[in-house]
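Visitor: File target38.cif below, mmCIF, C-alpha atoms:
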```cif
data_upload
#
loop_
_atom_site.label_atom_id
_atom_site.label_comp_id
_atom_site.auth_asym_id
_atom_site.auth_seq_id
_atom_site.Cartn_x
_atom_site.Cartn_y
_atom_site.Cartn_z
CA MET U 1 20.72 24.89 -116.21
CA THR U 2 22.19 27.86 -118.08
CA SER U 3 25.03 27.57 -120.57
CA TYR U 4 27.56 30.26 -121.51
CA ARG U 5 30.76 30.43 -123.49
CA SER U 6 33.78 32.68 -123.61
CA ASP U 7 36.89 33.10 -125.73
CA TYR U 8 39.07 32.72 -122.62
CA ALA U 9 38.34 31.87 -119.01
CA TRP U 10 40.84 31.88 -116.15
CA LEU U 11 40.53 28.40 -114.64
CA PRO U 12 42.54 27.04 -111.68
CA HIS U 13 45.34 25.95 -114.02
CA GLY U 14 45.39 29.22 -115.99
CA TRP U 15 43.81 30.55 -119.16
CA GLU U 16 41.67 28.17 -121.19
CA ALA U 17 40.45 29.07 -124.69
CA ASP U 18 36.95 28.39 -126.05
CA THR U 19 35.47 27.56 -122.67
CA ALA U 20 31.91 26.41 -121.98
CA LEU U 21 30.33 27.04 -118.59
CA ARG U 22 27.20 25.34 -117.31
CA ILE U 23 25.55 26.87 -114.23
CA ASP U 24 22.86 25.22 -112.17
CA GLY U 25 21.39 26.35 -108.86
CA GLY U 26 23.95 29.10 -108.41
CA ARG U 27 26.93 26.74 -108.88
CA PHE U 28 29.23 25.88 -111.74
CA ALA U 29 27.93 22.48 -112.81
CA ALA U 30 30.54 21.80 -115.47
CA ILE U 31 33.43 23.52 -117.25
CA ASP U 32 34.23 22.21 -120.72
CA ALA U 33 37.34 22.94 -122.76
CA GLN U 34 35.37 23.18 -125.99
CA ALA U 35 32.65 25.78 -126.16
CA ASP U 36 29.10 25.07 -127.29
CA THR U 37 28.65 27.54 -130.15
CA THR U 38 24.90 27.70 -129.47
CA ALA U 39 25.42 28.98 -125.89
CA GLU U 40 25.39 32.70 -125.07
CA ARG U 41 28.79 34.29 -125.55
CA LEU U 42 29.74 36.35 -122.49
CA GLY U 43 32.90 37.96 -123.79
CA ARG U 44 36.55 37.49 -124.56
CA TRP U 45 37.91 37.44 -120.98
CA LEU U 46 36.30 35.79 -117.92
CA LEU U 47 37.75 35.90 -114.41
CA PRO U 48 36.54 34.46 -111.09
CA GLY U 49 35.02 37.04 -108.76
CA MET U 50 37.43 38.40 -106.14
CA PRO U 51 36.75 37.94 -102.39
CA ASN U 52 37.32 40.98 -100.17
CA LEU U 53 38.52 39.52 -96.87
CA HIS U 54 38.37 42.60 -94.62
CA SER U 55 35.75 45.34 -94.40
CA HIS U 56 34.41 47.80 -91.85
CA ALA U 57 31.42 48.97 -93.90
CA PHE U 58 30.51 52.08 -91.90
CA GLN U 59 33.96 53.57 -92.52
CA ARG U 60 33.10 53.97 -96.22
CA ALA U 61 31.19 57.15 -95.32
CA MET U 62 34.20 58.75 -93.59
CA ALA U 63 36.74 58.04 -96.34
CA GLY U 64 38.52 61.32 -97.03
CA LEU U 65 37.43 62.97 -93.78
CA ALA U 66 40.58 62.19 -91.79
CA GLU U 67 43.16 63.72 -94.12
CA ARG U 68 43.81 66.97 -92.23
CA GLN U 69 46.58 67.05 -89.66
CA THR U 70 45.33 67.06 -86.07
CA HIS U 71 48.72 66.52 -84.43
CA ALA U 72 52.33 66.77 -85.55
CA GLU U 73 52.66 63.03 -84.89
CA ASP U 74 49.39 61.93 -86.55
CA SER U 75 49.13 58.13 -86.70
CA PHE U 76 46.70 55.25 -86.57
CA TRP U 77 45.93 56.19 -82.97
CA THR U 78 44.83 59.76 -83.78
CA TRP U 79 42.86 58.49 -86.80
CA ARG U 80 41.10 56.06 -84.46
CA GLU U 81 39.71 58.93 -82.36
CA THR U 82 38.18 60.45 -85.51
CA MET U 83 36.70 57.08 -86.40
CA TYR U 84 35.18 56.62 -82.91
CA ALA U 85 33.47 60.00 -83.14
CA PHE U 86 32.07 59.14 -86.56
CA ALA U 87 30.89 55.68 -85.47
CA GLY U 88 28.78 57.28 -82.75
CA ARG U 89 26.50 58.79 -85.40
CA ILE U 90 25.59 55.51 -87.11
CA GLY U 91 22.31 53.66 -86.41
CA PRO U 92 20.79 50.63 -88.17
CA ASP U 93 19.21 52.58 -91.04
CA GLU U 94 22.42 54.49 -91.68
CA LEU U 95 24.51 51.33 -91.52
CA ARG U 96 22.28 49.57 -94.04
CA ALA U 97 22.39 52.54 -96.42
CA ILE U 98 26.17 52.96 -96.15
CA ALA U 99 26.83 49.23 -96.50
CA ALA U 100 24.57 48.91 -99.54
CA GLN U 101 26.38 51.78 -101.28
CA LEU U 102 29.72 50.20 -100.44
CA TYR U 103 28.62 46.79 -101.68
CA VAL U 104 27.44 48.29 -104.98
CA GLU U 105 30.88 49.83 -105.40
CA MET U 106 32.56 46.54 -104.51
CA LEU U 107 30.51 44.62 -107.05
CA GLU U 108 31.19 47.14 -109.80
CA ALA U 109 34.91 46.85 -109.01
CA GLY U 110 34.91 43.04 -109.18
CA TYR U 111 34.52 41.96 -105.56
CA THR U 112 31.83 39.27 -105.26
CA GLN U 113 32.21 38.32 -101.57
CA VAL U 114 32.97 40.49 -98.56
CA CYS U 115 34.13 39.49 -95.08
CA GLU U 116 32.52 42.06 -92.79
CA PHE U 117 34.51 42.52 -89.57
CA HIS U 118 31.59 43.97 -87.63
CA TYR U 119 31.89 45.53 -84.19
CA LEU U 120 29.27 48.31 -84.27
CA HIS U 121 26.82 46.22 -82.24
CA HIS U 122 24.87 48.42 -79.81
CA GLN U 123 23.41 51.89 -79.44
CA PRO U 124 25.95 54.72 -79.10
CA ASP U 125 25.63 54.70 -75.28
CA GLY U 126 26.34 50.96 -75.15
CA ARG U 127 22.76 49.80 -74.50
CA PRO U 128 21.75 46.81 -76.65
CA TYR U 129 19.00 47.22 -79.22
CA ALA U 130 15.74 45.38 -78.48
CA ASP U 131 17.02 42.76 -80.90
CA PRO U 132 20.76 42.39 -80.16
CA ALA U 133 21.31 41.37 -83.79
CA THR U 134 19.85 44.61 -85.20
CA MET U 135 23.10 46.06 -86.53
CA SER U 136 24.31 42.70 -87.84
CA LEU U 137 21.03 42.20 -89.70
CA ALA U 138 21.37 45.64 -91.28
CA LEU U 139 24.52 44.32 -92.99
CA VAL U 140 22.78 41.08 -93.99
CA GLU U 141 19.95 43.10 -95.55
CA ALA U 142 22.41 45.32 -97.44
CA ALA U 143 24.21 42.29 -98.85
CA ARG U 144 20.97 40.62 -99.94
CA GLU U 145 19.71 43.82 -101.52
CA THR U 146 22.84 44.30 -103.59
CA GLY U 147 23.57 40.64 -104.33
CA ILE U 148 27.09 40.43 -102.93
CA GLY U 149 28.14 37.36 -100.98
CA LEU U 150 28.72 38.06 -97.28
CA THR U 151 30.83 36.42 -94.61
CA LEU U 152 29.58 38.20 -91.51
CA LEU U 153 32.13 38.26 -88.70
CA PRO U 154 30.51 39.55 -85.49
CA THR U 155 33.40 40.85 -83.44
CA LEU U 156 34.18 40.19 -79.79
CA TYR U 157 35.52 43.36 -78.17
CA GLN U 158 35.89 43.49 -74.38
CA THR U 159 38.86 45.51 -73.11
CA GLY U 160 40.64 48.73 -74.01
CA GLY U 161 44.17 47.35 -73.84
CA PHE U 162 46.44 44.47 -72.89
CA ASP U 163 46.21 45.64 -69.29
CA GLY U 164 42.49 44.76 -69.18
CA ARG U 165 41.22 48.32 -68.78
CA GLU U 166 37.50 48.88 -69.33
CA LEU U 167 36.26 50.09 -72.69
CA GLY U 168 36.18 53.85 -73.09
CA GLU U 169 32.93 55.71 -73.47
CA ARG U 170 33.06 55.70 -77.27
CA GLN U 171 33.95 51.98 -77.35
CA ARG U 172 30.97 50.82 -75.29
CA ARG U 173 28.78 50.10 -78.28
CA PHE U 174 31.40 47.59 -79.43
CA GLY U 175 31.45 45.49 -76.25
CA HIS U 176 29.96 42.10 -75.34
CA ALA U 177 30.15 39.77 -72.41
CA THR U 178 31.25 36.39 -73.74
CA ASP U 179 27.87 34.70 -73.21
CA ALA U 180 26.05 37.53 -74.98
CA TYR U 181 28.48 37.30 -77.87
CA LEU U 182 27.96 33.55 -78.26
CA ASP U 183 24.19 34.13 -78.15
CA LEU U 184 24.56 36.63 -81.01
CA LEU U 185 26.39 34.02 -83.09
CA GLN U 186 23.58 31.52 -82.52
CA ARG U 187 20.95 34.09 -83.48
CA LEU U 188 22.73 34.84 -86.73
CA ARG U 189 23.49 31.25 -87.75
CA VAL U 190 19.83 30.65 -88.68
CA HIS U 191 20.23 33.13 -91.54
CA GLU U 192 23.07 31.29 -93.29
CA GLY U 193 22.58 30.31 -96.92
CA ALA U 194 24.27 30.18 -100.32
CA THR U 195 25.53 33.75 -100.11
CA LEU U 196 25.77 34.23 -96.33
CA ARG U 197 28.28 32.66 -93.98
CA ILE U 198 28.59 33.49 -90.27
CA GLY U 199 32.10 33.40 -88.86
CA VAL U 200 33.89 34.82 -85.83
CA ALA U 201 36.08 37.85 -85.30
CA LEU U 202 38.26 38.47 -82.26
CA HIS U 203 38.95 42.18 -82.50
CA SER U 204 42.58 41.95 -81.34
CA LEU U 205 44.65 40.51 -78.53
CA ARG U 206 44.45 43.84 -76.72
CA ALA U 207 40.62 43.75 -76.85
CA VAL U 208 40.01 40.03 -76.09
CA PRO U 209 41.46 38.57 -72.86
CA GLN U 210 42.92 35.10 -73.04
CA ALA U 211 40.09 33.51 -71.04
CA SER U 212 37.47 34.96 -73.40
CA LEU U 213 39.40 33.88 -76.48
CA GLN U 214 39.56 30.35 -75.12
CA ALA U 215 35.86 30.32 -74.21
CA VAL U 216 34.90 31.24 -77.76
CA LEU U 217 37.20 28.60 -79.25
CA ASP U 218 35.80 25.97 -76.85
CA SER U 219 32.15 26.87 -77.47
CA GLY U 220 31.60 24.51 -80.38
CA LEU U 221 30.29 27.43 -82.46
CA VAL U 222 33.54 27.99 -84.34
CA ASP U 223 34.69 24.47 -85.14
CA ASP U 224 34.06 24.86 -88.89
CA ALA U 225 33.78 28.65 -89.07
CA PRO U 226 36.28 31.21 -90.33
CA ILE U 227 38.08 33.04 -87.49
CA HIS U 228 39.53 36.51 -88.07
CA ILE U 229 41.66 38.72 -85.84
CA HIS U 230 43.50 42.06 -86.19
CA ILE U 231 47.10 41.47 -85.20
CA ALA U 232 50.51 43.22 -85.20
CA GLU U 233 49.20 46.18 -87.16
CA GLN U 234 51.02 48.80 -85.11
CA ILE U 235 54.41 48.99 -83.38
CA GLY U 236 52.65 50.22 -80.22
CA GLU U 237 50.59 47.04 -80.12
CA VAL U 238 53.73 44.91 -80.40
CA GLN U 239 55.44 46.84 -77.62
CA ASP U 240 52.44 46.58 -75.27
CA CYS U 241 52.12 42.85 -75.90
CA LEU U 242 55.82 42.33 -75.16
CA ALA U 243 55.55 44.34 -71.97
CA LEU U 244 52.49 42.57 -70.57
CA ARG U 245 52.63 39.07 -72.12
CA ASN U 246 56.37 38.74 -72.65
CA ALA U 247 55.78 37.82 -76.28
CA ARG U 248 55.04 39.54 -79.58
CA PRO U 249 51.38 39.34 -80.75
CA VAL U 250 51.81 36.73 -83.50
CA GLU U 251 54.32 34.81 -81.39
CA TRP U 252 51.80 34.71 -78.51
CA LEU U 253 48.87 33.72 -80.72
CA LEU U 254 50.72 30.86 -82.40
CA ALA U 255 51.74 29.53 -78.98
CA ASN U 256 48.33 29.88 -77.32
CA ALA U 257 45.68 29.23 -79.96
CA PRO U 258 45.07 26.46 -82.53
CA VAL U 259 45.89 28.66 -85.50
CA ASP U 260 45.20 26.79 -88.73
CA ALA U 261 43.55 27.26 -92.12
CA ARG U 262 40.35 28.56 -90.49
CA TRP U 263 42.19 31.67 -89.30
CA THR U 264 42.80 34.98 -91.02
CA LEU U 265 45.42 37.23 -89.41
CA VAL U 266 44.52 40.72 -90.58
CA HIS U 267 47.44 43.06 -91.30
CA ALA U 268 50.16 41.01 -89.48
CA THR U 269 52.44 43.85 -90.50
CA HIS U 270 55.18 43.77 -87.89
CA LEU U 271 56.67 40.27 -87.86
CA THR U 272 59.93 38.55 -87.07
CA ASP U 273 61.14 35.93 -89.53
CA ALA U 274 60.02 33.19 -87.13
CA GLU U 275 56.52 34.67 -86.84
CA MET U 276 56.26 35.03 -90.62
CA ARG U 277 57.27 31.39 -91.12
CA GLY U 278 54.87 30.32 -88.36
CA ILE U 279 51.91 31.94 -90.09
CA ALA U 280 52.88 30.32 -93.39
CA ALA U 281 53.28 26.88 -91.79
CA SER U 282 49.92 27.13 -90.01
CA GLY U 283 47.93 27.58 -93.22
CA ALA U 284 46.35 30.76 -91.84
CA VAL U 285 45.62 33.57 -94.30
CA ALA U 286 47.52 36.83 -94.06
CA GLY U 287 44.77 39.41 -94.61
CA LEU U 288 46.47 42.34 -96.33
CA CYS U 289 44.86 45.74 -96.92
CA PRO U 290 47.57 47.78 -98.66
CA THR U 291 45.60 50.98 -99.34
CA THR U 292 44.36 51.26 -95.75
CA GLU U 293 47.72 50.21 -94.32
CA ALA U 294 49.34 52.96 -96.38
CA ASN U 295 46.68 55.50 -95.46
CA LEU U 296 47.13 54.80 -91.73
CA GLY U 297 50.92 54.63 -91.89
CA ASP U 298 50.97 51.04 -90.61
CA GLY U 299 54.02 49.66 -92.38
CA LEU U 300 54.75 46.94 -94.94
CA PHE U 301 54.13 43.21 -94.77
CA PRO U 302 57.16 40.99 -95.65
CA LEU U 303 55.60 39.80 -98.90
CA LYS U 304 58.59 38.29 -100.71
CA ASP U 305 59.66 36.08 -97.81
CA PHE U 306 56.07 35.05 -97.08
CA LEU U 307 55.52 33.91 -100.67
CA ALA U 308 58.83 32.04 -100.57
CA ALA U 309 57.54 30.22 -97.47
CA ASP U 310 54.37 29.21 -99.37
CA GLY U 311 52.19 31.50 -97.25
CA VAL U 312 48.54 32.12 -98.09
CA LEU U 313 47.32 35.69 -98.52
CA GLY U 314 44.22 37.63 -99.50
CA ILE U 315 43.24 41.28 -99.85
CA GLY U 316 40.69 43.54 -98.21
CA SER U 317 39.64 47.18 -98.53
CA ASP U 318 39.29 47.66 -94.74
CA SER U 319 38.50 51.38 -94.23
CA HIS U 320 37.52 51.78 -97.92
CA ILE U 321 39.81 54.66 -98.68
CA SER U 322 39.82 52.73 -101.96
CA VAL U 323 37.37 50.11 -103.21
CA SER U 324 39.36 48.37 -105.92
CA PRO U 325 41.01 44.95 -105.97
CA VAL U 326 43.33 46.22 -108.68
CA GLU U 327 44.62 49.03 -106.47
CA GLU U 328 45.11 46.71 -103.49
CA LEU U 329 47.16 44.29 -105.59
CA ARG U 330 49.10 47.03 -107.34
CA TRP U 331 50.15 48.67 -104.10
CA LEU U 332 50.91 45.37 -102.46
CA GLU U 333 53.58 44.99 -105.14
CA TYR U 334 54.62 48.64 -105.35
CA GLY U 335 55.28 48.89 -101.61
CA GLN U 336 57.76 46.04 -101.93
CA ARG U 337 59.45 47.68 -104.90
CA LEU U 338 59.87 50.94 -103.02
CA VAL U 339 61.65 49.37 -100.05
CA SER U 340 63.69 46.82 -102.03
CA ARG U 341 64.46 49.04 -105.04
CA HIS U 342 63.80 46.04 -107.30
CA ARG U 343 60.96 45.13 -109.64
CA ASN U 344 58.64 42.13 -110.07
CA ILE U 345 58.65 40.89 -106.50
CA ALA U 346 55.45 38.81 -106.29
CA VAL U 347 56.29 35.83 -108.50
CA SER U 348 56.32 32.10 -107.93
CA GLU U 349 57.93 28.95 -109.24
CA SER U 350 54.87 28.38 -111.41
CA SER U 351 54.60 31.91 -112.85
CA THR U 352 56.89 34.86 -113.51
CA SER U 353 53.82 37.07 -113.97
CA VAL U 354 53.23 39.42 -111.03
CA GLY U 355 49.62 40.02 -112.06
CA GLU U 356 48.82 36.31 -112.28
CA THR U 357 50.58 35.52 -109.02
CA LEU U 358 48.82 38.24 -107.06
CA TRP U 359 45.38 37.66 -108.57
CA GLY U 360 45.58 33.90 -108.10
CA ASP U 361 46.88 34.11 -104.55
CA ALA U 362 44.21 36.65 -103.57
CA LEU U 363 41.46 34.44 -105.01
CA PHE U 364 42.66 31.39 -103.11
CA GLY U 365 43.34 33.14 -99.82
CA GLY U 366 40.18 35.20 -100.02
CA ALA U 367 38.03 32.12 -100.51
CA ARG U 368 39.69 30.44 -97.53
CA ALA U 369 39.14 33.53 -95.39
CA ALA U 370 35.48 33.68 -96.44
CA GLY U 371 34.92 30.03 -95.58
CA ALA U 372 33.09 29.42 -98.84
CA ALA U 373 33.49 27.52 -102.11
CA LEU U 374 34.29 30.44 -104.38
CA GLY U 375 37.19 32.21 -106.04
CA ALA U 376 37.50 29.71 -108.91
CA ILE U 377 35.72 28.83 -112.12
CA GLU U 378 35.39 25.12 -111.50
CA ALA U 379 32.65 22.55 -110.98
CA GLY U 380 31.08 22.82 -107.52
CA ALA U 381 32.17 26.40 -106.83
CA ARG U 382 29.63 29.16 -106.45
CA ALA U 383 29.01 30.76 -109.83
CA ASP U 384 30.76 34.10 -109.33
CA LEU U 385 32.47 35.58 -112.36
CA LEU U 386 33.66 38.80 -113.94
CA VAL U 387 33.40 39.64 -117.63
CA LEU U 388 36.04 42.16 -118.66
CA ASP U 389 35.38 44.91 -121.18
CA GLU U 390 36.99 43.44 -124.28
CA HIS U 391 36.67 46.77 -126.09
CA ALA U 392 38.71 48.72 -123.51
CA PRO U 393 41.80 50.24 -125.15
CA GLN U 394 44.00 48.88 -122.34
CA LEU U 395 43.24 45.32 -123.45
CA ALA U 396 43.77 45.89 -127.17
CA GLY U 397 46.28 43.47 -128.61
CA ARG U 398 46.70 41.55 -125.38
CA GLU U 399 47.21 37.81 -125.40
CA PRO U 400 46.51 35.64 -122.32
CA GLY U 401 50.06 35.78 -121.01
CA ALA U 402 49.91 39.55 -120.54
CA LEU U 403 46.24 39.96 -119.65
CA LEU U 404 46.36 39.99 -115.82
CA ASP U 405 49.54 42.05 -115.75
CA THR U 406 47.69 44.60 -117.85
CA VAL U 407 44.58 44.51 -115.66
CA VAL U 408 46.59 45.12 -112.50
CA PHE U 409 49.23 47.57 -113.72
CA ALA U 410 47.95 49.45 -116.80
CA GLY U 411 45.95 52.49 -115.79
CA ASN U 412 43.01 53.30 -113.51
CA ARG U 413 40.00 52.61 -115.70
CA ASN U 414 37.80 49.87 -114.24
CA LEU U 415 37.88 47.03 -116.78
CA VAL U 416 35.03 45.01 -115.21
CA ARG U 417 31.95 45.06 -117.45
CA ASP U 418 29.59 42.42 -116.01
CA VAL U 419 29.49 40.70 -112.61
CA MET U 420 27.68 37.52 -111.61
CA VAL U 421 27.21 36.28 -108.03
CA ASP U 422 25.59 32.93 -107.25
CA GLY U 423 24.48 32.62 -110.86
CA GLN U 424 22.71 36.01 -110.89
CA TRP U 425 23.82 39.12 -112.75
CA CYS U 426 24.40 42.04 -110.36
CA VAL U 427 26.32 44.34 -112.71
CA ARG U 428 25.77 44.85 -116.43
CA ASP U 429 27.77 47.20 -118.63
CA GLY U 430 29.66 48.43 -115.57
CA ARG U 431 26.58 49.50 -113.63
CA HIS U 432 24.88 47.78 -110.70
CA ARG U 433 21.24 46.90 -111.33
CA ASP U 434 20.04 49.20 -108.51
CA ALA U 435 22.84 51.75 -108.28
CA ALA U 436 20.78 54.94 -108.60
CA ARG U 437 18.24 54.13 -105.88
CA ILE U 438 20.89 52.90 -103.44
CA ALA U 439 23.05 56.00 -104.05
CA GLY U 440 20.06 58.24 -103.35
CA ARG U 441 19.35 56.50 -100.06
CA TYR U 442 23.03 56.72 -99.12
CA ALA U 443 23.08 60.48 -99.71
CA ALA U 444 19.95 60.89 -97.57
CA ALA U 445 21.56 58.89 -94.76
CA LEU U 446 24.64 61.10 -94.79
CA ARG U 447 22.46 64.20 -94.58
CA ARG U 448 20.76 62.75 -91.50
CA ILE U 449 24.07 62.31 -89.70
CA GLY U 450 25.24 65.78 -90.63
CA LEU U 451 27.53 65.16 -93.59
#
```
Rewrite the structure of this file - the entire thing - as structure tokens.

Guide:
Amino acid sequence: MTSYRSDYAWLPHGWEADTALRIDGGRFAAIDAQADTTAERLGRWLLPGMPNLHSHAFQRAMAGLAERQTHAEDSFWTWRETMYAFAGRIGPDELRAIAAQLYVEMLEAGYTQVCEFHYLHHQPDGRPYADPATMSLALVEAARETGIGLTLLPTLYQTGGFDGRELGERQRRFGHATDAYLDLLQRLRVHEGATLRIGVALHSLRAVPQASLQAVLDSGLVDDAPIHIHIAEQIGEVQDCLALRNARPVEWLLANAPVDARWTLVHATHLTDAEMRGIAASGAVAGLCPTTEANLGDGLFPLKDFLAADGVLGIGSDSHISVSPVEELRWLEYGQRLVSRHRNIAVSESSTSVGETLWGDALFGGARAAGAALGAIEAGARADLLVLDEHAPQLAGREPGALLDTVVFAGNRNLVRDVMVDGQWCVRDGRHRDAARIAGRYAAALRRIGL
């Protein structure tokens, strides 16, 4: 058992002064309100590690490469063609190198768990690798190498639209027959451990026919697993669903699937009031990715009304145009301010602090989406924590009541100094323990694929 102390730690009820932490076997064994002065002092400010609930790791390497106009009406759909072309260059070695670099950046930014929405399954021509789990295991290896916690979400992807059309040539490496997909889940489950959870992703309603969705839910493999799905991200998706299923995407899902706290509805951007209230009532997590949603021109989630309905939310970096929980939370709030022309939108009955509300909600929702006991400094939770740089000028003179507002809204300097995952230090003094070697391998991988 290892003992630490801090001047302040952010516990489930808020800031606690002179806190003692005891860690055993990668878990918080006890949290005491009075610090043991003989224990190692970690710093002035301790936060729980932040879960990242939505990632497509390979897209990290194309961030910034889709910012030139290709069409006067550029949109998500034109960006997707660029992404498909890029995905065709990625093999297992490249995926592992890109993911490891991404995970180093996530850890240094304060993310300690990532939910990997993984659909790059097969060879570029659609043929399976000799081991069908090859690409999935590349992500597992990258997570283990870097130390980040991973919720791996192998993705079912079968059709090119609501009309059931076959996958296009560049989508073939994403596809699975339902039996093959369930076999992949079984292959991966044997690797689960303290920092690895295997869940399920249904790419979208347009890519997963109703019969396949039901077969996965009835398989017995998802009864206690997190279930993620892209939904209602684009107006075109909503229109197609209305035309062919006579219902909006979220409306249809709530009526035809047992949506509950296991589910994460990623983006859920275009909602009616009834759909928004339905998500909140179900206990499902709204998986919000504000920097990617802004980059792709998706639209804005109805945050204020969702919080008023006691909805659960979390944040993800998705396409990794940014890898920063602070930026995701900041722009989640700023988007609302821009459309409402008011300030301080994300507050609750228990707190008028926007920073505290957003950080706390993202911790809770992210842990639920990950399907793991994390996101809190409390007995029994996995020992993930962030030590902030107490000497950073931004934090000078700050008392607890203003600390998280300052972290989220005051400048762009990364204030995370040290990061622990599962009781092990991954980042010290702002630098990952293996950053240089992983960055070198990443650069070599990009040269191989012609970047």

Visitor: Go through the shown structure with the PyMOL selection byres ((chain U and resi 54-68) around 6) and write out the matching residues as a VMD selection string.

Guide: chain U and resid 52 to 53 69 99 115 to 117 316 to 321

Visitor: Identify which of the residues U:Ala410, U:Ala29, U:Ala142, U:Leu332 lies closest to Met1 (chain U), counting all atoms listed in the file when measuring atom-to-atom distances.

Guide: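 Between U:Ala410, U:Ala29, U:Ala142, U:Leu332, the residue approaching Met1 (chain U) most closely is U:Ala29.
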
Visitor: With the PyMOL selection byres ((chain U and resi 15) around 10) as the selection, what would be picked from this file? Answer as an mmCIF file with C-alpha atoms, in the coordinates of the input, please.

Guide:
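Dumped everything to expr-v3.cif:
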```cif
data_model
loop_
_atom_site.group_PDB
_atom_site.id
_atom_site.type_symbol
_atom_site.label_atom_id
_atom_site.label_comp_id
_atom_site.auth_asym_id
_atom_site.auth_seq_id
_atom_site.Cartn_x
_atom_site.Cartn_y
_atom_site.Cartn_z
ATOM 1 C CA ASP U 7 36.890 33.100 -125.730
ATOM 2 C CA TYR U 8 39.070 32.720 -122.620
ATOM 3 C CA ALA U 9 38.340 31.870 -119.010
ATOM 4 C CA TRP U 10 40.840 31.880 -116.150
ATOM 5 C CA LEU U 11 40.530 28.400 -114.640
ATOM 6 C CA PRO U 12 42.540 27.040 -111.680
ATOM 7 C CA HIS U 13 45.340 25.950 -114.020
ATOM 8 C CA GLY U 14 45.390 29.220 -115.990
ATOM 9 C CA GLU U 16 41.670 28.170 -121.190
ATOM 10 C CA ALA U 17 40.450 29.070 -124.690
ATOM 11 C CA ASP U 18 36.950 28.390 -126.050
ATOM 12 C CA THR U 19 35.470 27.560 -122.670
ATOM 13 C CA TRP U 45 37.910 37.440 -120.980
ATOM 14 C CA LEU U 46 36.300 35.790 -117.920
ATOM 15 C CA LEU U 47 37.750 35.900 -114.410
ATOM 16 C CA PRO U 400 46.510 35.640 -122.320
ATOM 17 C CA GLY U 401 50.060 35.780 -121.010
ATOM 18 C CA LEU U 403 46.240 39.960 -119.650
#
```

Visitor: With only C-alpha atoms as the basis for distance, which of U:Ala370, U:Leu358, U:Ile235, U:Val104 is at the shortest distance from Arg144 (chain U)?

Guide: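 Of U:Ala370, U:Leu358, U:Ile235, U:Val104, the one nearest Arg144 (chain U), counting only C-alpha atoms, is U:Val104.
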
Visitor: Padding 5 Å on each side, edges along x, y and z: where is the centre of the box around the listed atoms of region 390-409 of chain U, and how long are its edges in Å to one decimal? Output it as AutoDock Vina command-line options.

Guide:
```
--center_x 43.4 --center_y 42.9 --center_z -120.6 --size_x 23.4 --size_y 24.6 --size_z 26.1
```

Visitor: Interatomic distance between CA of Arg343 (chain U) and CA of Thr269 (chain U)?

Guide: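 One can read the CA of Arg343 (chain U) to CA of Thr269 (chain U) distance as 21.0 Å.
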
Visitor: Which residue is closest to Gln336 (chain U)? Choose from U:Val354, U:Leu363, U:Leu303, U:Val259 and count only C-alpha atoms.

Guide: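 Once distances to Gln336 (chain U) are computed over only C-alpha atoms, the minimum belongs to U:Leu303.
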
Visitor: What does the distance between CA of Ala39 (chain U) and CA of Gly430 (chain U) come to in Å, to one decimal place?

Guide: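 The value is 22.4 Å.
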
Visitor: Determine, counting only C-alpha atoms, which protein, DNA and RNA residues have an atom within 8 Å of an atom of Pro209 (chain U); residues of the same chain fewer than 5 positions away are not included. Present the result as a PDB file with C-alpha atoms, in the frame of the given file.

Guide:
```pdb
ATOM      1  CA  GLN U 158      35.890  43.490 -74.380  1.00  0.00           C
ATOM      2  CA  THR U 159      38.860  45.510 -73.110  1.00  0.00           C
ATOM      3  CA  PHE U 162      46.440  44.470 -72.890  1.00  0.00           C
ATOM      4  CA  GLY U 164      42.490  44.760 -69.180  1.00  0.00           C
TER       5      GLY U 164
END
```

Visitor: When you draw a straight line from CA of Val266 (chain U) to CA of His230 (chain U), how long is it in Å?

Guide: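 Separating CA of Val266 (chain U) from CA of His230 (chain U) is a distance of 4.7 Å.
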
Visitor: Write out as a tab-separated table (two decimals) with C-alpha atoms, in the frame of the given file each polymer residue whose atoms come within 7 Å of region 274-277 of chain U, counting all atoms listed in the file; drop sequence neighbours fewer than 6 positions from it.

Guide:
```
chain	number	residue	atom	x	y	z
U	250	VAL	CA	51.81	36.73	-83.50
U	251	GLU	CA	54.32	34.81	-81.39
U	306	PHE	CA	56.07	35.05	-97.08
U	309	ALA	CA	57.54	30.22	-97.47
```

Visitor: Let me know the residues the PyMOL selection byres ((chain U and resi 377) around 6) catches in the file above, as a list in words.

Guide: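 Output from the PyMOL selection byres ((chain U and resi 377) around 6), applied to this file: Leu11, Pro48, Ala376 and Glu378 of chain U.
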
Visitor: Between U:Leu205, U:Pro258, U:Leu213, U:Asp131, which is the closest to Asp183 (chain U) once you count only C-alpha atoms?

Guide: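 The closest residue to Asp183 (chain U) is U:Asp131.
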
Visitor: Looking at U:Gln113, U:Thr178, U:Gln186, U:Gln34, which one is nearest to Ala369 (chain U), with distances taken over all atoms listed in the file?

Guide: U:Gln113

Visitor: For Asp163 (chain U), which residue out of U:Arg245, U:Arg89, U:Arg5, U:His118 is the nearest one, using only C-alpha atoms?

Guide: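 Under the stated criterion, the closest residue is U:Arg245.
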